[in-house]
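Colleague: Sharing a structure below in structure tokens format, with a few things to ask.
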Amino acid sequence: MTKFRVRVSTGEACGAGTWDKVSVSIVGTQGESPLVPLDRLGKEFTAGAEEDFEVTLPQDVGAVLMLRVHKAPPKLPLPLGSLQPDAWFCRWFQLEWLPGAALRFPCYQWLEGEGDLVLREGAAKVSQEDHHPALQHQRQEELKARKEMYSWKTYADGWPRCLDHATVKDLDLNIKYSAVKNAKFFFKVHSAFTELKIKGFLDRIGLWRSLREMRRMFNFHKTPAAEYVFAHWQEDAFFASQFLNGLNPVLIRRCHSLPKNFPVTDEMVAPVLGPGTSLQAELEKGSLFLVDHSILSGVQTNVINGKPQFSAAPMTLLHQRSGSGPLLPLAIQLKQTPGPDNPIFLPSDDKWDWLLAKTWVRNAEFSVHEALTHLLHAHLLPEVFALATLRQLPHCHPLFKLLIPHIRYTLHINTLARKLLIAPGQVVDRSTGLGIGGFSELIKRNMEQLNYSALCFPEDILARDVEDIPGYYYRDDGMQIWGAIKSFVSEIVSIYYPSDVSVREDQELQAWVREIFSEGFLSRESSGMPSLLDTQEALVQYVTMVIFTCSAKHTAVSAGQFDSCVWMPNLPPTMQLPPPTSKGQARPESFIATLPPVNATCDVIIALWMLSKEPGDRRPLGHYPDEHFTEDAPRRSMAAFQRQLIQISKGIAERNRGLALPYTYLDPPLIENSVSI
């Protein structure tokens with residue numbers, strides 16, 4: 001007879017408790033015990049409870065390997081109002097056989113209906129360290145079940161592949177929004193639609209009457225950053241600053257030679273550059289920068305309210321004055337092929353000509369940001385990482401324990417987006433200038449260009465040669481966050497992978513990397529995306545990239561969407577007239593006529609309001625309430641990571657006190673651990 005004390009912790013979330021009956025058996029080196037019910041007087045497994053049960057086994061099973069948990073409905077009728085099947089969120093089990101002698105079995109999963117779940121003791125292990133056949137068998141069976149539950153599908157040709165579920169109703173509870181988050185999300189959607197419906201905006205298919213009328217829309221949930229946008233949107237310095245710290249701060253690069261198809265001359269830019277210099281001199285000094293939206297050239301456009309929409313593929317040349325002067329635009333060309341019907345617009349042009357040219361650039365920013373920077377890079381790729389993690393890494397694997405907080409809710413929000421945002425007839429299709437066809441075309445084009453180095457933040461900064469441009473807070477904060485994540489990942493990797501050989505020998509790790517390469521990057525060798533990892537250094541870089549993309553990168557390009565768009569002329573989602581082919585034609589009336597119609601404006605603003613702020617149930621970067629790691633070493637690394645993030649946040653707060661427009665999108669407490677909205 002062997003006696004154990006079993007301690008069970010139930011989650012605190014809404015609906016986490018259960019009326020079902022729970023039994024356990026212990027799997028040891030000498031066999032498995034019979035199932036023993038965890039039962040006592042009164043109700044067990046209420047939300048937030050930690051409960052102890054005395055368990056007596058009829059025989060010794062040897063050294064404990066695993067814990068089998070069985071959940072089944074009670075034989076007696078349930079109380080009125082209880083639901084079937086009765087899900088239960090278990091945080092962990094703990095076995096104690098002597099005072100101070102205990103084994104913790106992390107769970108942090110929903111158990112739905114009747115069934116078994118096998119839990120491993122909490123110490124993380126790579127597959128080659130599991131020497132007992134029962135442990136190896138458990139790993140294989142767990143992954144087999146997960147691959148059946150989470151499978152791949154092609155949503156659109158040329159896109160990264162995704163989860164094969166049509167709606168969020170089909171999802172397993174373990175990847176769904178919590179009840180609280182789901183309720184807050186849909187309440188927020190409903191309240192926004194109701195407000196704009198009452199104001200009469202959502203159903204108006206015509207033009208805005210004036211910029212003044214747009215201010216009524218601007219009163220919809222203003223933020224301090226949005227107020228700043230409204231006050232400064234026409235200023236050249238603010239226009240340029242958005243390439244550094246706006247919602248799409250990833251395109252600007254140093255210009256070493258002017259593109260042949262962008263024939264800017266010294267005479268054109270002399271009023272901004274001033275006397276005693278030239279374009280060639282400024283190129284040699286490294287003070288010229290280029291933003292090229294060439295990927296938009298010839299892209300398919302949409303039809304909204306029965307009217308064809310228009311797009312441009314502009315090039316914008318910018319100049320950084322020496323010292324602490326602002327970055328300023330020098331010239332804008334709206335199409336890629338120069339010619340008499342494609343003028344180069346200049347700050348010295350008529351006010352409305354110049355403002356219209358800048359607004360076309362802002363529309364290009366909307367299209368590239370929403371299709372590529374946000375949808376492709378910050379949603380579709382994190383979904384690939386999430387799905388491969390669930391399919392290829394068992395719960396006991398150190399990389400699963402490290403990554404599971406960073407894929408929380410990603411599959412839910414992306415499944416929801418495929419239903420409510422990017423499906424035919426939904427927001428992208430009915431209210432953006434490119435529509436689904438244009439978005440899909442952009443994603444295919446970018447997938448052919450996408451490379452691994454662009455996903456690694458420091459390498460991207462170097463490739464664009466923008467490591468020293470002043471006032472680039474996205475770069476400054478991003479480098480600090482990347483460094484903190486890399487330091488944390490490096491410590492975790494060193495704990496579980498003592499050598500390069502141990503990296504190469506981990507077949508589960510290699511299968512994970514291989515699946516990301518094949519399903520996410522479509523086995524395209526030119527992407528530079530690894531299909532295997534053979535060193536500790538390569539593993540650290542790769543995992544850092546995954547965590548940074550799923551957390552900091554997503555927040556940086558998502559959280560500012562509403563701030564940038566609620567004053568619509570700053571970020572128009574579509575343009576209703578073609579790009580100008582000559583100067584001197586723009587007027588206030590034609591400017592208004594070029595901007596999106598009222599209903600499309602409101603449709604997009606509601607969507608971006610939803611996607612900019614987490615609807616509750618947040619977990620900021622570095623917060624790990626689910627204790628998947630139980631050993632001291634990784635827990636010390638987590639604590640060091642959290643301390644480093646606190647110091648980064650303090651530095652950001654100090655800097656922001658001196659800024660007219662604080663840059664907060666990469667402040668660690670505001671970064672979500674995962675792509676969850």
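The way I read the labels, and the way they are meant: chains A, B, ... in the order of the structure tokens, residue 1 as the first residue of every chain, and ligand 1 as the first ligand shown, with later ones counted on from there.
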Give me, as a ChimeraX atom specification, all polymer residues having an atom no more than 7 Å from stretch 564-578 of chain A, counting only C-alpha atoms and skipping those fewer than 4 positions away in the same chain.
Modeller: /A:218,226,229-230,233,309-311,359,362-363,366,432-433,560,593-596,601,605
Colleague: Please, could you write that set of residues out with N, CA, C and O atoms as a compact mmCIF listing (two decimals), in the first residue's frame?
Modeller:
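And here is the file that came out, out-v3.txt:
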# COMPACT_ATOMS: atom_id res chain seq x y z
N PHE A 218 -14.26 62.42 -35.91
CA PHE A 218 -13.06 62.42 -35.08
C PHE A 218 -13.40 62.36 -33.59
O PHE A 218 -12.60 61.89 -32.78
N ALA A 226 -4.21 60.66 -31.10
CA ALA A 226 -5.09 61.05 -32.20
C ALA A 226 -5.29 62.56 -32.24
O ALA A 226 -5.36 63.16 -33.32
N VAL A 229 -2.31 63.94 -33.93
CA VAL A 229 -2.40 63.72 -35.38
C VAL A 229 -3.29 64.78 -36.02
O VAL A 229 -2.94 65.39 -37.04
N PHE A 230 -4.45 65.03 -35.42
CA PHE A 230 -5.39 66.01 -35.97
C PHE A 230 -4.76 67.41 -36.04
O PHE A 230 -4.94 68.14 -37.01
N TRP A 233 -1.40 67.00 -38.82
CA TRP A 233 -1.36 66.10 -39.98
C TRP A 233 -0.88 66.77 -41.27
O TRP A 233 -0.35 66.09 -42.15
N GLN A 309 -12.10 52.28 -57.42
CA GLN A 309 -11.16 52.97 -56.55
C GLN A 309 -9.78 53.01 -57.20
O GLN A 309 -9.53 52.31 -58.20
N PHE A 310 -8.88 53.80 -56.62
CA PHE A 310 -7.57 54.02 -57.24
C PHE A 310 -6.45 53.84 -56.22
O PHE A 310 -6.64 53.98 -55.02
N SER A 311 -5.28 53.51 -56.76
CA SER A 311 -4.10 53.31 -55.92
C SER A 311 -2.90 53.95 -56.62
O SER A 311 -2.93 54.17 -57.83
N THR A 359 -1.03 62.94 -49.15
CA THR A 359 -2.16 62.08 -48.79
C THR A 359 -2.16 60.80 -49.60
O THR A 359 -2.53 59.73 -49.10
N ARG A 362 0.16 58.59 -47.85
CA ARG A 362 -0.46 58.03 -46.64
C ARG A 362 -1.43 56.91 -47.01
O ARG A 362 -1.55 55.92 -46.28
N ASN A 363 -2.11 57.03 -48.14
CA ASN A 363 -2.96 55.93 -48.59
C ASN A 363 -2.13 54.69 -48.93
O ASN A 363 -2.51 53.55 -48.62
N PHE A 366 -1.28 53.01 -45.80
CA PHE A 366 -2.39 52.19 -45.31
C PHE A 366 -2.37 50.81 -45.98
O PHE A 366 -2.44 49.78 -45.31
N THR A 432 -11.91 48.99 -48.39
CA THR A 432 -10.52 49.41 -48.65
C THR A 432 -10.28 49.50 -50.15
O THR A 432 -10.94 48.82 -50.95
N GLY A 433 -9.32 50.31 -50.53
CA GLY A 433 -9.07 50.59 -51.93
C GLY A 433 -8.59 49.41 -52.73
O GLY A 433 -8.77 49.36 -53.95
N GLY A 560 -1.04 51.38 -32.79
CA GLY A 560 -1.22 52.75 -33.25
C GLY A 560 -2.21 52.93 -34.39
O GLY A 560 -2.37 54.04 -34.91
N ALA A 593 -13.14 65.11 -52.59
CA ALA A 593 -13.71 64.13 -53.51
C ALA A 593 -12.80 62.92 -53.70
O ALA A 593 -13.26 61.84 -54.08
N THR A 594 -11.50 63.11 -53.45
CA THR A 594 -10.56 62.00 -53.59
C THR A 594 -10.61 61.06 -52.39
O THR A 594 -10.35 59.86 -52.51
N LEU A 595 -10.98 61.59 -51.22
CA LEU A 595 -10.97 60.81 -49.99
C LEU A 595 -12.08 59.77 -49.96
O LEU A 595 -13.03 59.83 -50.73
N PRO A 596 -12.00 58.78 -49.05
CA PRO A 596 -13.00 57.71 -48.99
C PRO A 596 -14.40 58.23 -48.70
O PRO A 596 -14.57 59.28 -48.08
N THR A 601 -15.16 55.04 -44.60
CA THR A 601 -14.36 55.64 -43.53
C THR A 601 -14.74 55.04 -42.18
O THR A 601 -13.88 54.58 -41.41
N ILE A 605 -12.56 52.60 -39.62
CA ILE A 605 -12.20 53.14 -38.30
C ILE A 605 -12.69 52.23 -37.19
O ILE A 605 -11.97 51.99 -36.20
Colleague: May I have the residues within 9 Å of A:Leu532 as a PyMOL selection string, using only C-alpha atoms and disregarding those fewer than 5 positions away in the same chain?
Modeller: chain A and resi 504+509-514+517
Colleague: Would you kindly return, as a PyMOL selection string, each protein, DNA or RNA residue with an atom no farther than 10 Å from any atom of A:Asp236, considering only C-alpha atoms and excluding same-chain residues fewer than 3 positions away?
Modeller: chain A and resi 232-233+239-241+326-330+347+354-355+358
Colleague: Write to file, as a CSV table (one decimal), in the first residue's frame, the residues of the selection just made, with C-alpha atoms.
Modeller:
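New file part-v9.csv:
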chain,number,residue,atom,x,y,z
A,232,HIS,CA,-0.3,68.3,-37.0
A,233,TRP,CA,-1.4,66.1,-40.0
A,239,PHE,CA,4.4,63.6,-42.2
A,240,ALA,CA,8.1,62.5,-42.2
A,241,SER,CA,8.1,61.4,-38.6
A,326,PRO,CA,13.7,67.3,-38.2
A,327,LEU,CA,13.4,64.8,-41.0
A,328,LEU,CA,11.6,66.5,-43.9
A,329,PRO,CA,10.1,65.4,-47.2
A,330,LEU,CA,12.0,66.7,-50.3
A,347,PRO,CA,7.1,71.3,-50.7
A,354,TRP,CA,1.5,69.2,-52.0
A,355,LEU,CA,-1.1,68.1,-49.4
A,358,LYS,CA,1.3,63.5,-49.2
Colleague: So which one's closest to A:Ala16, A:Lys199, A:Lys613, A:Lys153, A:Arg91? Using only C-alpha atoms, please.
Modeller: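 Of the candidates, the smallest distance to A:Ala16 is held by A:Arg91.
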Colleague: Excluding stretch 187-191 of chain A and its own-chain neighbours fewer than 6 positions away, which residues fall within 8 Å of it when counting only C-alpha atoms? Please give them as a PyMOL selection string.
Modeller: chain A and resi 606+610+615
Colleague: Could you save those same residues with C-alpha atoms as a tab-separated table (two decimals), in the first residue's frame?
Modeller:
chain	number	residue	atom	x	y	z
A	606	ILE	CA	-14.38	50.73	-36.31
A	610	MET	CA	-11.10	47.04	-32.45
A	615	PRO	CA	-10.40	43.86	-24.90
Colleague: By how many Å are atom CA of A:Glu195 and atom CA of A:Met214 apart?
Modeller: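 Answer for the atom CA of A:Glu195 to atom CA of A:Met214 separation: 15.3 Å.
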Colleague: Could you tell me, as a PyMOL selection string, which residues of stretch 257-386 of chain A DSSP assigns to strand (DSSP E) when given the backbone?
Modeller: chain A and resi 288-292+303-304+307-308+315-320+327-333+344-345
Colleague: Go through A:Glu282, A:Glu365, A:Asp468, A:Glu32 one by one, measure the shortest atom-to-atom distance of each to A:Pro314 using only C-alpha atoms, and give the residue with the smallest value.
Modeller: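 The answer is A:Glu365, which sits nearest to A:Pro314.
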Colleague: For A:Leu173, work out the shell of residues within 9 Å, counting only C-alpha atoms and skipping chain neighbours fewer than 5 positions away, then give it as a list in words.
Modeller: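 Near A:Leu173, the qualifying residues are Ala87, Gln109, Trp110, Leu111, Glu112 and Ser178 of chain A.
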Colleague: Go ahead and write the residues just picked, N, CA, C and O atoms, as a PDB file, in the first residue's frame.
Modeller:
ATOM      1  N   ALA A  87     -16.758  21.639 -19.020  1.00  0.00           N
ATOM      2  CA  ALA A  87     -15.309  21.792 -19.157  1.00  0.00           C
ATOM      3  C   ALA A  87     -14.686  22.183 -17.813  1.00  0.00           C
ATOM      4  O   ALA A  87     -15.335  22.791 -16.956  1.00  0.00           O
ATOM      5  N   GLN A 109      -4.588  23.541 -18.911  1.00  0.00           N
ATOM      6  CA  GLN A 109      -5.397  23.160 -20.064  1.00  0.00           C
ATOM      7  C   GLN A 109      -6.854  23.005 -19.657  1.00  0.00           C
ATOM      8  O   GLN A 109      -7.168  22.702 -18.506  1.00  0.00           O
ATOM      9  N   TRP A 110      -7.719  23.188 -20.645  1.00  0.00           N
ATOM     10  CA  TRP A 110      -9.129  22.844 -20.498  1.00  0.00           C
ATOM     11  C   TRP A 110      -9.309  21.364 -20.807  1.00  0.00           C
ATOM     12  O   TRP A 110      -8.740  20.853 -21.783  1.00  0.00           O
ATOM     13  N   LEU A 111     -10.093  20.692 -19.978  1.00  0.00           N
ATOM     14  CA  LEU A 111     -10.501  19.319 -20.247  1.00  0.00           C
ATOM     15  C   LEU A 111     -11.995  19.340 -20.536  1.00  0.00           C
ATOM     16  O   LEU A 111     -12.801  19.681 -19.663  1.00  0.00           O
ATOM     17  N   GLU A 112     -12.357  19.021 -21.777  1.00  0.00           N
ATOM     18  CA  GLU A 112     -13.756  19.059 -22.188  1.00  0.00           C
ATOM     19  C   GLU A 112     -14.329  17.644 -22.218  1.00  0.00           C
ATOM     20  O   GLU A 112     -13.691  16.714 -22.715  1.00  0.00           O
ATOM     21  N   SER A 178     -10.947  33.514 -23.821  1.00  0.00           N
ATOM     22  CA  SER A 178     -11.698  33.277 -22.587  1.00  0.00           C
ATOM     23  C   SER A 178     -13.092  33.879 -22.744  1.00  0.00           C
ATOM     24  O   SER A 178     -13.330  34.752 -23.589  1.00  0.00           O
TER      25      SER A 178
END
Colleague: Might you pull out every residue within 7 Å of stretch 672-676 of chain A, with only C-alpha atoms counted and same-chain residues fewer than 2 positions away left off, and present them as a VMD selection string?
Modeller: chain A and resid 379 405 to 410 413 550 to 551 554 to 555 618 to 622 670
Colleague: So, counting only C-alpha atoms, which residue among A:Leu403, A:Ile422, A:Ile677, A:Ala357 is closest to A:Gly616?
Modeller: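 Using only C-alpha atoms, A:Gly616 sits closest to A:Ile677.
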Colleague: If you count only C-alpha atoms, which residues fall within 12 Å of A:Arg321, apart from same-chain ones fewer than 2 positions away, as a ChimeraX atom specification?
Modeller: /A:237,272-274,277,282,285-289,318-319,323-330,469-470
Colleague: Restricting the calculation to only C-alpha atoms: of A:Leu57, A:Leu296, A:Leu390, A:Val557, which residue gets closest to A:Glu370?
Modeller: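 Comparing A:Leu57, A:Leu296, A:Leu390, A:Val557 against A:Glu370, the winner is A:Val557.
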Colleague: Taking only C-alpha atoms into account, produce a table as a tab-separated table in which each residue of stretch 250-359 of chain A with an atom at most 7 Å from an atom of stretch 436-440 of chain A appears once, together with its shortest atom pair and the distance in Å to one decimal, ordered by chain and rising number.
Modeller:
residue	atom	partner	partner_atom	distance
A:Val299	CA	A:Gly438	CA	5.9
A:Gln300	CA	A:Gly438	CA	4.7
A:Thr301	CA	A:Gly438	CA	5.9
Colleague: Next, dump the selected residues to file, keeping only all heavy atoms, as a PDB file, in the first residue's frame.
Modeller:
ATOM      1  N   VAL A 299      -1.150  47.050 -58.856  1.00  0.00           N
ATOM      2  CA  VAL A 299      -1.947  46.140 -58.033  1.00  0.00           C
ATOM      3  C   VAL A 299      -3.436  46.310 -58.330  1.00  0.00           C
ATOM      4  O   VAL A 299      -3.895  47.395 -58.702  1.00  0.00           O
ATOM      5  CB  VAL A 299      -1.656  46.374 -56.532  1.00  0.00           C
ATOM      6  CG1 VAL A 299      -2.311  47.659 -56.033  1.00  0.00           C
ATOM      7  CG2 VAL A 299      -2.094  45.182 -55.690  1.00  0.00           C
ATOM      8  N   GLN A 300      -4.176  45.230 -58.185  1.00  0.00           N
ATOM      9  CA  GLN A 300      -5.626  45.249 -58.405  1.00  0.00           C
ATOM     10  C   GLN A 300      -6.305  46.189 -57.416  1.00  0.00           C
ATOM     11  O   GLN A 300      -5.949  46.240 -56.245  1.00  0.00           O
ATOM     12  CB  GLN A 300      -6.150  43.818 -58.216  1.00  0.00           C
ATOM     13  CG  GLN A 300      -7.656  43.665 -58.353  1.00  0.00           C
ATOM     14  CD  GLN A 300      -8.092  42.217 -58.141  1.00  0.00           C
ATOM     15  OE1 GLN A 300      -7.307  41.292 -58.324  1.00  0.00           O
ATOM     16  NE2 GLN A 300      -9.337  42.024 -57.764  1.00  0.00           N
ATOM     17  N   THR A 301      -7.292  46.938 -57.879  1.00  0.00           N
ATOM     18  CA  THR A 301      -8.035  47.848 -57.003  1.00  0.00           C
ATOM     19  C   THR A 301      -9.494  47.414 -56.894  1.00  0.00           C
ATOM     20  O   THR A 301      -9.973  46.560 -57.635  1.00  0.00           O
ATOM     21  CB  THR A 301      -7.947  49.303 -57.488  1.00  0.00           C
ATOM     22  OG1 THR A 301      -8.346  49.359 -58.858  1.00  0.00           O
ATOM     23  CG2 THR A 301      -6.533  49.842 -57.339  1.00  0.00           C
TER      24      THR A 301
END
Colleague: Would you work out the distance separating atom CA of A:Asp353 from atom CA of A:Met268, expressed in Å to one decimal?
Modeller: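 These two atoms are separated by 15.0 Å.
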Colleague: May I ask which of the residues A:Leu211, A:Lys197, A:Val8, A:Tyr624 is the closest one to A:Ala639, counting only C-alpha atoms?
Modeller: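 Closest to A:Ala639, using only C-alpha atoms: A:Tyr624.
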